[in-house]
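Next comes entry_0.txt, a file with compact mmCIF, C-alpha atoms.
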```txt
# COMPACT_ATOMS: atom_id res chain seq x y z
CA ASP H 828 0.00 0.00 0.00
CA ALA H 829 1.82 3.13 -1.23
CA ARG H 830 2.03 5.96 1.25
CA VAL H 831 3.90 9.16 2.01
CA THR H 832 6.41 8.53 4.79
CA GLN H 833 7.55 11.25 7.15
CA THR H 834 10.24 11.28 9.81
CA PRO H 835 10.42 12.02 12.65
CA ARG H 836 6.84 11.48 13.75
CA HIS H 837 7.43 13.44 16.93
CA LYS H 838 10.18 15.87 17.85
CA VAL H 839 10.76 17.99 20.95
CA THR H 840 13.64 20.41 20.69
CA GLU H 841 14.99 23.46 22.39
CA MET H 842 14.70 26.93 20.95
CA GLY H 843 17.64 27.73 18.70
CA GLN H 844 18.27 24.16 17.62
CA GLU H 845 18.16 23.02 14.02
CA VAL H 846 15.29 20.75 13.02
CA THR H 847 15.20 18.67 9.86
CA MET H 848 12.07 16.87 8.74
CA ARG H 849 12.17 14.30 5.97
CA CYS H 850 9.62 13.00 3.57
CA GLN H 851 9.56 10.11 1.14
CA PRO H 852 6.85 10.77 -1.44
CA ILE H 853 4.94 8.02 -3.16
CA LEU H 854 7.05 6.51 -5.91
CA GLY H 855 6.24 8.05 -9.28
CA HIS H 856 4.58 11.17 -7.93
CA ASN H 857 5.84 14.34 -9.58
CA THR H 858 4.67 16.95 -7.07
CA VAL H 859 5.53 17.29 -3.39
CA PHE H 860 4.00 19.73 -0.90
CA TRP H 861 4.88 20.87 2.60
CA TYR H 862 1.99 22.08 4.77
CA ARG H 863 1.95 23.31 8.36
CA GLN H 864 -1.03 22.86 10.65
CA THR H 865 -1.66 24.94 13.77
CA MET H 866 -4.75 25.63 15.81
CA MET H 867 -4.61 29.34 15.04
CA GLN H 868 -3.77 29.28 11.32
CA GLY H 869 -5.14 25.95 10.20
CA LEU H 870 -3.43 24.37 7.20
CA GLU H 871 -0.91 26.59 5.44
CA LEU H 872 1.10 25.74 2.37
CA LEU H 873 4.79 26.33 2.98
CA ALA H 874 6.31 25.16 -0.30
CA TYR H 875 5.88 22.78 -3.17
CA PHE H 876 7.98 21.13 -5.83
CA ARG H 877 7.28 19.85 -9.28
CA ASN H 878 9.74 17.29 -10.66
CA ARG H 879 12.05 18.35 -7.81
CA ALA H 880 12.05 22.03 -8.84
CA PRO H 881 10.60 24.53 -6.36
CA LEU H 882 7.39 26.06 -7.74
CA ASP H 883 6.14 28.11 -4.83
CA ASP H 884 7.70 28.80 -1.44
CA SER H 885 5.92 32.06 -0.76
CA GLY H 886 4.33 30.66 2.39
CA MET H 887 7.63 29.85 4.01
CA PRO H 888 9.56 32.24 6.29
CA LYS H 889 12.80 32.46 4.31
CA ASP H 890 14.99 33.62 7.14
CA ARG H 891 14.79 30.35 9.02
CA PHE H 892 13.05 27.79 6.84
CA SER H 893 14.41 25.98 3.82
CA ALA H 894 12.98 23.19 1.69
CA GLU H 895 14.81 20.99 -0.78
CA MET H 896 14.44 17.84 -2.84
CA PRO H 897 17.89 16.27 -3.12
CA ASP H 898 16.40 13.47 -5.19
CA ALA H 899 13.03 12.16 -6.29
CA THR H 900 12.66 9.98 -3.20
CA LEU H 901 13.45 12.58 -0.56
CA ALA H 902 12.14 15.99 0.39
CA THR H 903 13.45 17.89 3.39
CA LEU H 904 12.20 20.82 5.43
CA LYS H 905 14.72 22.48 7.69
CA ILE H 906 14.25 25.08 10.41
CA GLN H 907 17.33 26.87 11.70
CA PRO H 908 17.16 28.27 14.30
CA SER H 909 13.87 26.93 15.63
CA GLU H 910 11.53 29.07 17.74
CA PRO H 911 8.57 28.19 19.98
CA ARG H 912 6.16 29.65 17.41
CA ASP H 913 7.30 26.93 14.98
CA SER H 914 5.54 24.34 17.13
CA ALA H 915 3.05 22.70 14.78
CA VAL H 916 2.34 19.60 12.76
CA TYR H 917 4.21 19.57 9.46
CA PHE H 918 2.66 17.52 6.69
CA CYS H 919 4.28 16.34 3.53
CA ALA H 920 1.99 15.42 0.65
CA SER H 921 2.56 14.13 -2.85
CA GLY H 922 0.60 13.64 -6.04
CA LEU H 923 0.91 12.70 -9.69
CA LEU H 924 -0.52 15.90 -11.05
CA GLN H 925 -1.44 15.84 -14.72
CA GLY H 926 -4.28 18.30 -15.06
CA SER H 927 -7.28 18.95 -12.89
CA GLY H 928 -8.70 16.93 -10.05
CA ASN H 929 -5.65 14.88 -9.23
CA THR H 930 -5.52 13.52 -5.71
CA ILE H 931 -2.88 14.66 -3.26
CA TYR H 932 -1.87 12.14 -0.59
CA PHE H 933 -0.75 13.20 2.86
CA GLY H 934 1.75 11.67 5.23
CA GLU H 935 0.95 11.27 8.91
CA GLY H 936 2.84 14.40 9.85
CA SER H 937 5.81 15.41 11.94
CA TRP H 938 4.63 16.78 15.30
CA LEU H 939 7.14 19.44 16.35
CA THR H 940 7.37 21.06 19.76
CA VAL H 941 9.93 23.79 20.34
CA VAL H 942 10.47 24.66 24.00
CA GLY T 536 -6.85 34.41 -4.99
CA ASN T 537 -8.53 31.16 -4.13
CA SER T 538 -10.30 30.75 -0.81
CA VAL T 539 -12.58 28.32 0.99
CA THR T 540 -15.10 29.21 3.65
CA GLN T 541 -16.23 26.39 5.81
CA MET T 542 -18.93 25.98 8.43
CA GLU T 543 -17.61 26.77 11.90
CA GLY T 544 -17.49 23.95 14.38
CA PRO T 545 -17.54 22.08 16.50
CA VAL T 546 -20.56 20.06 15.48
CA THR T 547 -22.03 17.47 17.83
CA LEU T 548 -24.67 15.05 16.63
CA SER T 549 -26.32 11.91 17.87
CA GLU T 550 -25.69 8.64 16.08
CA GLU T 551 -27.91 8.17 13.00
CA ALA T 552 -28.55 11.90 12.66
CA PHE T 553 -28.33 13.69 9.29
CA LEU T 554 -25.14 15.64 8.70
CA THR T 555 -24.49 18.73 6.63
CA ILE T 556 -21.24 20.67 6.69
CA ASN T 557 -21.36 23.79 4.53
CA CYS T 558 -18.53 24.83 2.23
CA THR T 559 -18.36 27.71 -0.22
CA TYR T 560 -15.44 28.80 -2.33
CA THR T 561 -13.96 31.64 -4.32
CA ALA T 562 -11.77 30.80 -7.27
CA THR T 563 -10.92 31.84 -10.78
CA GLY T 564 -11.42 29.41 -13.58
CA TYR T 565 -12.66 25.88 -12.95
CA PRO T 566 -11.31 24.50 -9.72
CA SER T 567 -11.56 20.94 -8.47
CA LEU T 568 -13.16 20.50 -5.05
CA PHE T 569 -12.29 18.06 -2.30
CA TRP T 570 -13.29 16.93 1.15
CA TYR T 571 -10.51 15.56 3.34
CA VAL T 572 -10.95 13.93 6.76
CA GLN T 573 -8.47 13.90 9.62
CA TYR T 574 -8.79 11.39 12.46
CA PRO T 575 -7.03 12.12 15.75
CA GLY T 576 -3.26 11.84 15.50
CA GLU T 577 -3.32 11.11 11.78
CA GLY T 578 -2.77 12.88 8.49
CA LEU T 579 -5.44 13.98 6.08
CA GLN T 580 -7.21 11.41 3.95
CA LEU T 581 -9.18 12.14 0.82
CA LEU T 582 -12.86 11.50 1.46
CA LEU T 583 -14.31 12.53 -1.90
CA LYS T 584 -13.82 14.92 -4.78
CA ALA T 585 -15.51 16.52 -7.78
CA THR T 586 -13.75 18.00 -10.76
CA LYS T 587 -16.48 19.85 -12.65
CA ALA T 588 -19.83 21.53 -12.15
CA ASP T 589 -22.74 19.24 -11.17
CA ASP T 590 -20.40 16.34 -10.40
CA LYS T 591 -21.25 14.46 -7.24
CA GLY T 592 -18.47 12.95 -5.19
CA SER T 593 -19.35 10.11 -2.84
CA ASN T 594 -17.60 7.74 -0.45
CA LYS T 595 -18.47 5.84 2.74
CA GLY T 596 -22.01 7.24 2.70
CA PHE T 597 -20.82 10.84 2.36
CA GLU T 598 -21.81 12.95 -0.64
CA ALA T 599 -21.09 16.42 -1.98
CA THR T 600 -22.23 18.08 -5.21
CA TYR T 601 -20.20 20.70 -7.06
CA ARG T 602 -22.56 23.67 -7.46
CA LYS T 603 -21.02 26.32 -9.64
CA GLU T 604 -24.05 28.62 -9.48
CA THR T 605 -23.80 28.88 -5.69
CA THR T 606 -20.03 28.20 -5.50
CA SER T 607 -20.69 25.52 -2.92
CA PHE T 608 -19.64 21.96 -2.12
CA HIS T 609 -21.60 20.98 0.98
CA LEU T 610 -20.85 17.65 2.63
CA GLU T 611 -23.80 15.43 3.61
CA LYS T 612 -24.40 12.06 5.17
CA GLY T 613 -27.78 10.56 5.86
CA SER T 614 -26.95 8.65 9.04
CA VAL T 615 -23.73 9.32 10.93
CA GLN T 616 -21.86 6.84 13.09
CA VAL T 617 -19.58 7.26 16.08
CA SER T 618 -16.67 6.29 13.81
CA ASP T 619 -17.33 9.42 11.70
CA SER T 620 -16.03 11.61 14.52
CA ALA T 621 -13.12 13.54 13.00
CA VAL T 622 -12.16 16.90 11.54
CA TYR T 623 -13.42 17.56 8.01
CA PHE T 624 -11.69 19.92 5.61
CA CYS T 625 -13.09 21.37 2.42
CA ALA T 626 -10.44 22.24 -0.16
CA LEU T 627 -10.00 23.37 -3.72
CA SER T 628 -7.31 23.09 -6.33
CA GLY T 629 -6.89 25.36 -9.28
CA GLY T 630 -6.02 22.35 -11.39
CA ASN T 631 -3.86 23.98 -14.02
CA PHE T 632 -0.10 23.83 -13.99
CA GLY T 633 1.41 25.93 -11.24
CA ASN T 634 -1.92 26.18 -9.46
CA GLU T 635 -2.32 22.63 -8.20
CA LYS T 636 -1.85 23.41 -4.55
CA LEU T 637 -4.76 22.72 -2.24
CA THR T 638 -6.35 25.67 -0.48
CA PHE T 639 -8.11 24.50 2.67
CA GLY T 640 -10.98 25.70 4.78
CA THR T 641 -10.51 25.99 8.52
CA GLY T 642 -11.87 22.53 9.25
CA THR T 643 -14.99 21.41 11.09
CA ARG T 644 -14.67 19.15 14.09
CA LEU T 645 -17.46 16.58 14.17
CA THR T 646 -18.32 14.56 17.26
CA ILE T 647 -20.93 11.82 17.13
CA ILE T 648 -22.36 10.66 20.43
CA PRO T 649 -23.93 7.22 20.85
```

Go ahead and express the file in the form of structure tokens.
Amino acid sequence: DARVTQTPRHKVTEMGQEVTMRCQPILGHNTVFWYRQTMMQGLELLAYFRNRAPLDDSGMPKDRFSAEMPDATLATLKIQPSEPRDSAVYFCASGLLQGSGNTIYFGEGSWLTVV
Amino acid sequence: GNSVTQMEGPVTLSEEAFLTINCTYTATGYPSLFWYVQYPGEGLQLLLKATKADDKGSNKGFEATYRKETTSFHLEKGSVQVSDSAVYFCALSGGNFGNEKLTFGTGTRLTIIP
């Protein structure tokens, strides 16, 4: 059963530390998304990639966040330095997008707490 | 830009009650519409979708019809179960290249009591 895999599932870290979240998209999918979920803001798109090229990262704070796809099987989201306001659930999602109505599949999320 | 307005929660219903969760959208062009469900501690799962006007998406007893004239995609179920307790998100996608990202509503928390 193909699924999007995210690591770590849970992370508690101290303010100022670097945090790296990893995502393995579903094999063959050409588009990868990073979303952040908080109680206050709901689901926000941070960045997304098409065929490993960044298409939109306008939702991502550039001073501390960075997103990359070193290869087709790995996407990373890095926060350096982390702050308490970064505490959230970070979801990776992938899809084979070829026109309208294509389904996007979500991973189970990385639950980040910055203390 | 695209936006989704979703019925505020939380919603609490008794088992076997009729469910409606309202969703309206603003978008240019011809978006695709989705309902995702999130169970506690899990990621989002696609519940149903519709890609053009008058399409009806359905799954697990849930239905939603794409109404272009009212820009709506309301979620309905005739008889809810305790296992339907979750958070439900309405979303849209622009569909065309470079506009495939999902824009989500705020989510509606549904609790079904026995």

Find the residue from T:Leu579, T:Leu627, T:Gln541, T:Gly613 that sits nearest to Ser921 in chain H; use only C-alpha atoms when measuring.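 Selected residue with least distance to Ser921 in chain H: T:Leu579.
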
Enter the distance from CA of Asp883 in chain H to CA of Asn634 in chain T, in Å, rounded to one decimal. 9.5 Å

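The smallest atom-to-atom distance between chain T and any of H:Lys838, H:Arg912, H:His856, H:Arg877, using all atoms listed in the file, is found for H:Arg877.
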
Hey, what's within 6 Å of Thr547 in chain T if we count only C-alpha atoms and toss same-chain stuff fewer than 4 positions away? As an mmCIF file with C-alpha atoms, keeping the file's coordinate frame, please?
```
data_model
loop_
_atom_site.group_PDB
_atom_site.id
_atom_site.type_symbol
_atom_site.label_atom_id
_atom_site.label_comp_id
_atom_site.auth_asym_id
_atom_site.auth_seq_id
_atom_site.Cartn_x
_atom_site.Cartn_y
_atom_site.Cartn_z
ATOM 1 C CA LEU T 645 -17.460 16.580 14.170
ATOM 2 C CA THR T 646 -18.320 14.560 17.260
ATOM 3 C CA ILE T 647 -20.930 11.820 17.130
#
```

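Proximity of T:Val615, T:Lys587, T:Ser567, T:Asn557 to Pro649 in chain T, computed with only C-alpha atoms, is greatest for T:Val615.
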
Output as a Markdown table one row per residue of chain H within 7 Å of chain T: the closest atom pair and its distance in Å to one decimal place, counting only C-alpha atoms, sorted by chain and residue number ascending.
```
| residue | atom | partner | partner_atom | distance |
| --- | --- | --- | --- | --- |
| H:Gly869 | CA | T:Thr641 | CA | 5.6 |
| H:Leu870 | CA | T:Phe639 | CA | 6.5 |
| H:Leu882 | CA | T:Gly633 | CA | 6.9 |
| H:Gly926 | CA | T:Gly630 | CA | 5.7 |
| H:Ser927 | CA | T:Gly630 | CA | 3.9 |
| H:Gly928 | CA | T:Ser567 | CA | 5.2 |
| H:Phe933 | CA | T:Leu579 | CA | 5.7 |
| H:Gly934 | CA | T:Gly578 | CA | 5.7 |
| H:Glu935 | CA | T:Gly578 | CA | 4.1 |
| H:Gly936 | CA | T:Gly578 | CA | 6.0 |
```

What is the distance between CA of Val622 in chain T and CA of Thr606 in chain T, in Å to one decimal? 21.9 Å

Please provide as a PyMOL selection string all residues within 8 Å of Leu582 in chain T, with the sequence filter that same-chain residues fewer than 5 positions apart are discarded (counting all atoms listed in the file). chain T and resi 569-572+593-594

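Here the selection is built from all atoms listed in the file, and the residues within 6 Å of (-17.0, 20.6, 10.1) turn out to be Met542, Gly544, Ile556, Tyr623, Gly642, Thr643, Arg644 and Leu645 of chain T.
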
10 Å contact set for Thr840 in chain H, only C-alpha atoms, chain neighbours under 5 positions out, as a list in words: Glu845, Val846, Ser909, Glu910, Pro911, Ser914, Leu939, Thr940, Val941 and Val942 of chain H

Find the distance between CA of Ser618 in chain T and CA of Val539 in chain T and write it in Å to one decimal.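 Computing the Euclidean distance for CA of Ser618 in chain T and CA of Val539 in chain T yields 25.8 Å.
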
Shell of 6 Å around Ala588 in chain T, only C-alpha atoms, local chain residues under 4 positions omitted, as a ChimeraX atom specification: /T:601-603

Let me know the centre plus edge lengths, in Å and rounded to one decimal, of a box with edges along x, y and z that contains all listed atoms of range 599-616 of chain T and is padded by 3 Å on every side, as AutoDock Vina command-line options.
```
--center_x -23.7 --center_y 17.9 --center_z 1.7 --size_x 14.1 --size_y 28.0 --size_z 28.7
```

Give the answer as one residue: which of H:Leu924, H:Ile931, H:Leu904, H:Met896 has the shortest atom-to-atom distance to Thr834 in chain H, using all atoms listed in the file? H:Leu904

Residue contacts of Ser538 in chain T (7 Å, all atoms listed in the file) excluding same-chain residues fewer than 5 positions away, as a compact mmCIF listing (two decimals) with C-alpha atoms, in the coordinates of the input:
```txt
# COMPACT_ATOMS: atom_id res chain seq x y z
CA TYR T 560 -15.44 28.80 -2.33
CA THR T 561 -13.96 31.64 -4.32
CA ALA T 562 -11.77 30.80 -7.27
CA THR T 638 -6.35 25.67 -0.48
```

Since the input is missing atoms for range 540-568 of chain T, could you rebuild it with N, CA and C atoms and give the result as a PDB file, in the coordinates of the input?
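out08.pdb written:
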```
ATOM      1  N   THR T 540     -14.433  28.859   2.404  1.00  0.00           N
ATOM      2  CA  THR T 540     -15.100  29.210   3.650  1.00  0.00           C
ATOM      3  C   THR T 540     -15.914  28.015   4.112  1.00  0.00           C
ATOM      4  N   GLN T 541     -15.651  27.617   5.309  1.00  0.00           N
ATOM      5  CA  GLN T 541     -16.230  26.390   5.810  1.00  0.00           C
ATOM      6  C   GLN T 541     -17.026  26.659   7.080  1.00  0.00           C
ATOM      7  N   MET T 542     -18.072  25.867   7.253  1.00  0.00           N
ATOM      8  CA  MET T 542     -18.930  25.980   8.430  1.00  0.00           C
ATOM      9  C   MET T 542     -18.090  25.869   9.705  1.00  0.00           C
ATOM     10  N   GLU T 543     -18.339  26.787  10.630  1.00  0.00           N
ATOM     11  CA  GLU T 543     -17.610  26.770  11.900  1.00  0.00           C
ATOM     12  C   GLU T 543     -18.060  25.567  12.722  1.00  0.00           C
ATOM     13  N   GLY T 544     -17.128  25.028  13.472  1.00  0.00           N
ATOM     14  CA  GLY T 544     -17.490  23.950  14.380  1.00  0.00           C
ATOM     15  C   GLY T 544     -17.415  24.431  15.814  1.00  0.00           C
ATOM     16  N   PRO T 545     -17.348  23.507  16.743  1.00  0.00           N
ATOM     17  CA  PRO T 545     -17.540  22.080  16.500  1.00  0.00           C
ATOM     18  C   PRO T 545     -19.010  21.721  16.317  1.00  0.00           C
ATOM     19  N   VAL T 546     -19.221  20.579  15.699  1.00  0.00           N
ATOM     20  CA  VAL T 546     -20.560  20.060  15.480  1.00  0.00           C
ATOM     21  C   VAL T 546     -20.701  18.767  16.272  1.00  0.00           C
ATOM     22  N   THR T 547     -21.749  18.676  17.046  1.00  0.00           N
ATOM     23  CA  THR T 547     -22.030  17.470  17.830  1.00  0.00           C
ATOM     24  C   THR T 547     -23.396  16.949  17.433  1.00  0.00           C
ATOM     25  N   LEU T 548     -23.423  15.679  17.047  1.00  0.00           N
ATOM     26  CA  LEU T 548     -24.670  15.050  16.630  1.00  0.00           C
ATOM     27  C   LEU T 548     -24.832  13.700  17.313  1.00  0.00           C
ATOM     28  N   SER T 549     -26.053  13.260  17.380  1.00  0.00           N
ATOM     29  CA  SER T 549     -26.320  11.910  17.870  1.00  0.00           C
ATOM     30  C   SER T 549     -26.155  10.916  16.728  1.00  0.00           C
ATOM     31  N   GLU T 550     -25.825   9.704  17.088  1.00  0.00           N
ATOM     32  CA  GLU T 550     -25.690   8.640  16.080  1.00  0.00           C
ATOM     33  C   GLU T 550     -26.980   8.542  15.274  1.00  0.00           C
ATOM     34  N   GLU T 551     -26.836   8.317  13.982  1.00  0.00           N
ATOM     35  CA  GLU T 551     -27.910   8.170  13.000  1.00  0.00           C
ATOM     36  C   GLU T 551     -28.549   9.490  12.594  1.00  0.00           C
ATOM     37  N   ALA T 552     -28.036  10.590  13.086  1.00  0.00           N
ATOM     38  CA  ALA T 552     -28.550  11.900  12.660  1.00  0.00           C
ATOM     39  C   ALA T 552     -28.062  12.217  11.250  1.00  0.00           C
ATOM     40  N   PHE T 553     -28.722  13.212  10.618  1.00  0.00           N
ATOM     41  CA  PHE T 553     -28.330  13.690   9.290  1.00  0.00           C
ATOM     42  C   PHE T 553     -27.265  14.778   9.458  1.00  0.00           C
ATOM     43  N   LEU T 554     -26.255  14.698   8.606  1.00  0.00           N
ATOM     44  CA  LEU T 554     -25.140  15.640   8.700  1.00  0.00           C
ATOM     45  C   LEU T 554     -25.073  16.517   7.468  1.00  0.00           C
ATOM     46  N   THR T 555     -24.875  17.815   7.695  1.00  0.00           N
ATOM     47  CA  THR T 555     -24.490  18.730   6.630  1.00  0.00           C
ATOM     48  C   THR T 555     -23.382  19.625   7.160  1.00  0.00           C
ATOM     49  N   ILE T 556     -22.303  19.709   6.397  1.00  0.00           N
ATOM     50  CA  ILE T 556     -21.240  20.670   6.690  1.00  0.00           C
ATOM     51  C   ILE T 556     -21.126  21.569   5.453  1.00  0.00           C
ATOM     52  N   ASN T 557     -21.347  22.854   5.652  1.00  0.00           N
ATOM     53  CA  ASN T 557     -21.360  23.790   4.530  1.00  0.00           C
ATOM     54  C   ASN T 557     -19.961  24.205   4.109  1.00  0.00           C
ATOM     55  N   CYS T 558     -19.797  24.366   2.798  1.00  0.00           N
ATOM     56  CA  CYS T 558     -18.530  24.830   2.230  1.00  0.00           C
ATOM     57  C   CYS T 558     -18.831  25.673   1.012  1.00  0.00           C
ATOM     58  N   THR T 559     -18.277  26.874   0.975  1.00  0.00           N
ATOM     59  CA  THR T 559     -18.360  27.710  -0.220  1.00  0.00           C
ATOM     60  C   THR T 559     -16.953  28.127  -0.604  1.00  0.00           C
ATOM     61  N   TYR T 560     -16.786  28.498  -1.854  1.00  0.00           N
ATOM     62  CA  TYR T 560     -15.440  28.800  -2.330  1.00  0.00           C
ATOM     63  C   TYR T 560     -15.429  30.028  -3.225  1.00  0.00           C
ATOM     64  N   THR T 561     -14.244  30.573  -3.361  1.00  0.00           N
ATOM     65  CA  THR T 561     -13.960  31.640  -4.320  1.00  0.00           C
ATOM     66  C   THR T 561     -12.754  31.210  -5.122  1.00  0.00           C
ATOM     67  N   ALA T 562     -12.892  31.230  -6.427  1.00  0.00           N
ATOM     68  CA  ALA T 562     -11.770  30.800  -7.270  1.00  0.00           C
ATOM     69  C   ALA T 562     -11.958  31.345  -8.673  1.00  0.00           C
ATOM     70  N   THR T 563     -10.862  31.504  -9.356  1.00  0.00           N
ATOM     71  CA  THR T 563     -10.920  31.840 -10.780  1.00  0.00           C
ATOM     72  C   THR T 563     -10.870  30.546 -11.577  1.00  0.00           C
ATOM     73  N   GLY T 564     -11.462  30.577 -12.722  1.00  0.00           N
ATOM     74  CA  GLY T 564     -11.420  29.410 -13.580  1.00  0.00           C
ATOM     75  C   GLY T 564     -12.331  28.299 -13.096  1.00  0.00           C
ATOM     76  N   TYR T 565     -11.846  27.064 -13.249  1.00  0.00           N
ATOM     77  CA  TYR T 565     -12.660  25.880 -12.950  1.00  0.00           C
ATOM     78  C   TYR T 565     -11.922  24.979 -11.976  1.00  0.00           C
ATOM     79  N   PRO T 566     -12.055  25.293 -10.697  1.00  0.00           N
ATOM     80  CA  PRO T 566     -11.310  24.500  -9.720  1.00  0.00           C
ATOM     81  C   PRO T 566     -11.880  23.107  -9.547  1.00  0.00           C
ATOM     82  N   SER T 567     -11.081  22.231  -8.969  1.00  0.00           N
ATOM     83  CA  SER T 567     -11.560  20.940  -8.470  1.00  0.00           C
ATOM     84  C   SER T 567     -11.787  21.091  -6.971  1.00  0.00           C
ATOM     85  N   LEU T 568     -12.761  20.357  -6.458  1.00  0.00           N
ATOM     86  CA  LEU T 568     -13.160  20.500  -5.050  1.00  0.00           C
ATOM     87  C   LEU T 568     -13.000  19.165  -4.330  1.00  0.00           C
TER      88      LEU T 568
END
```
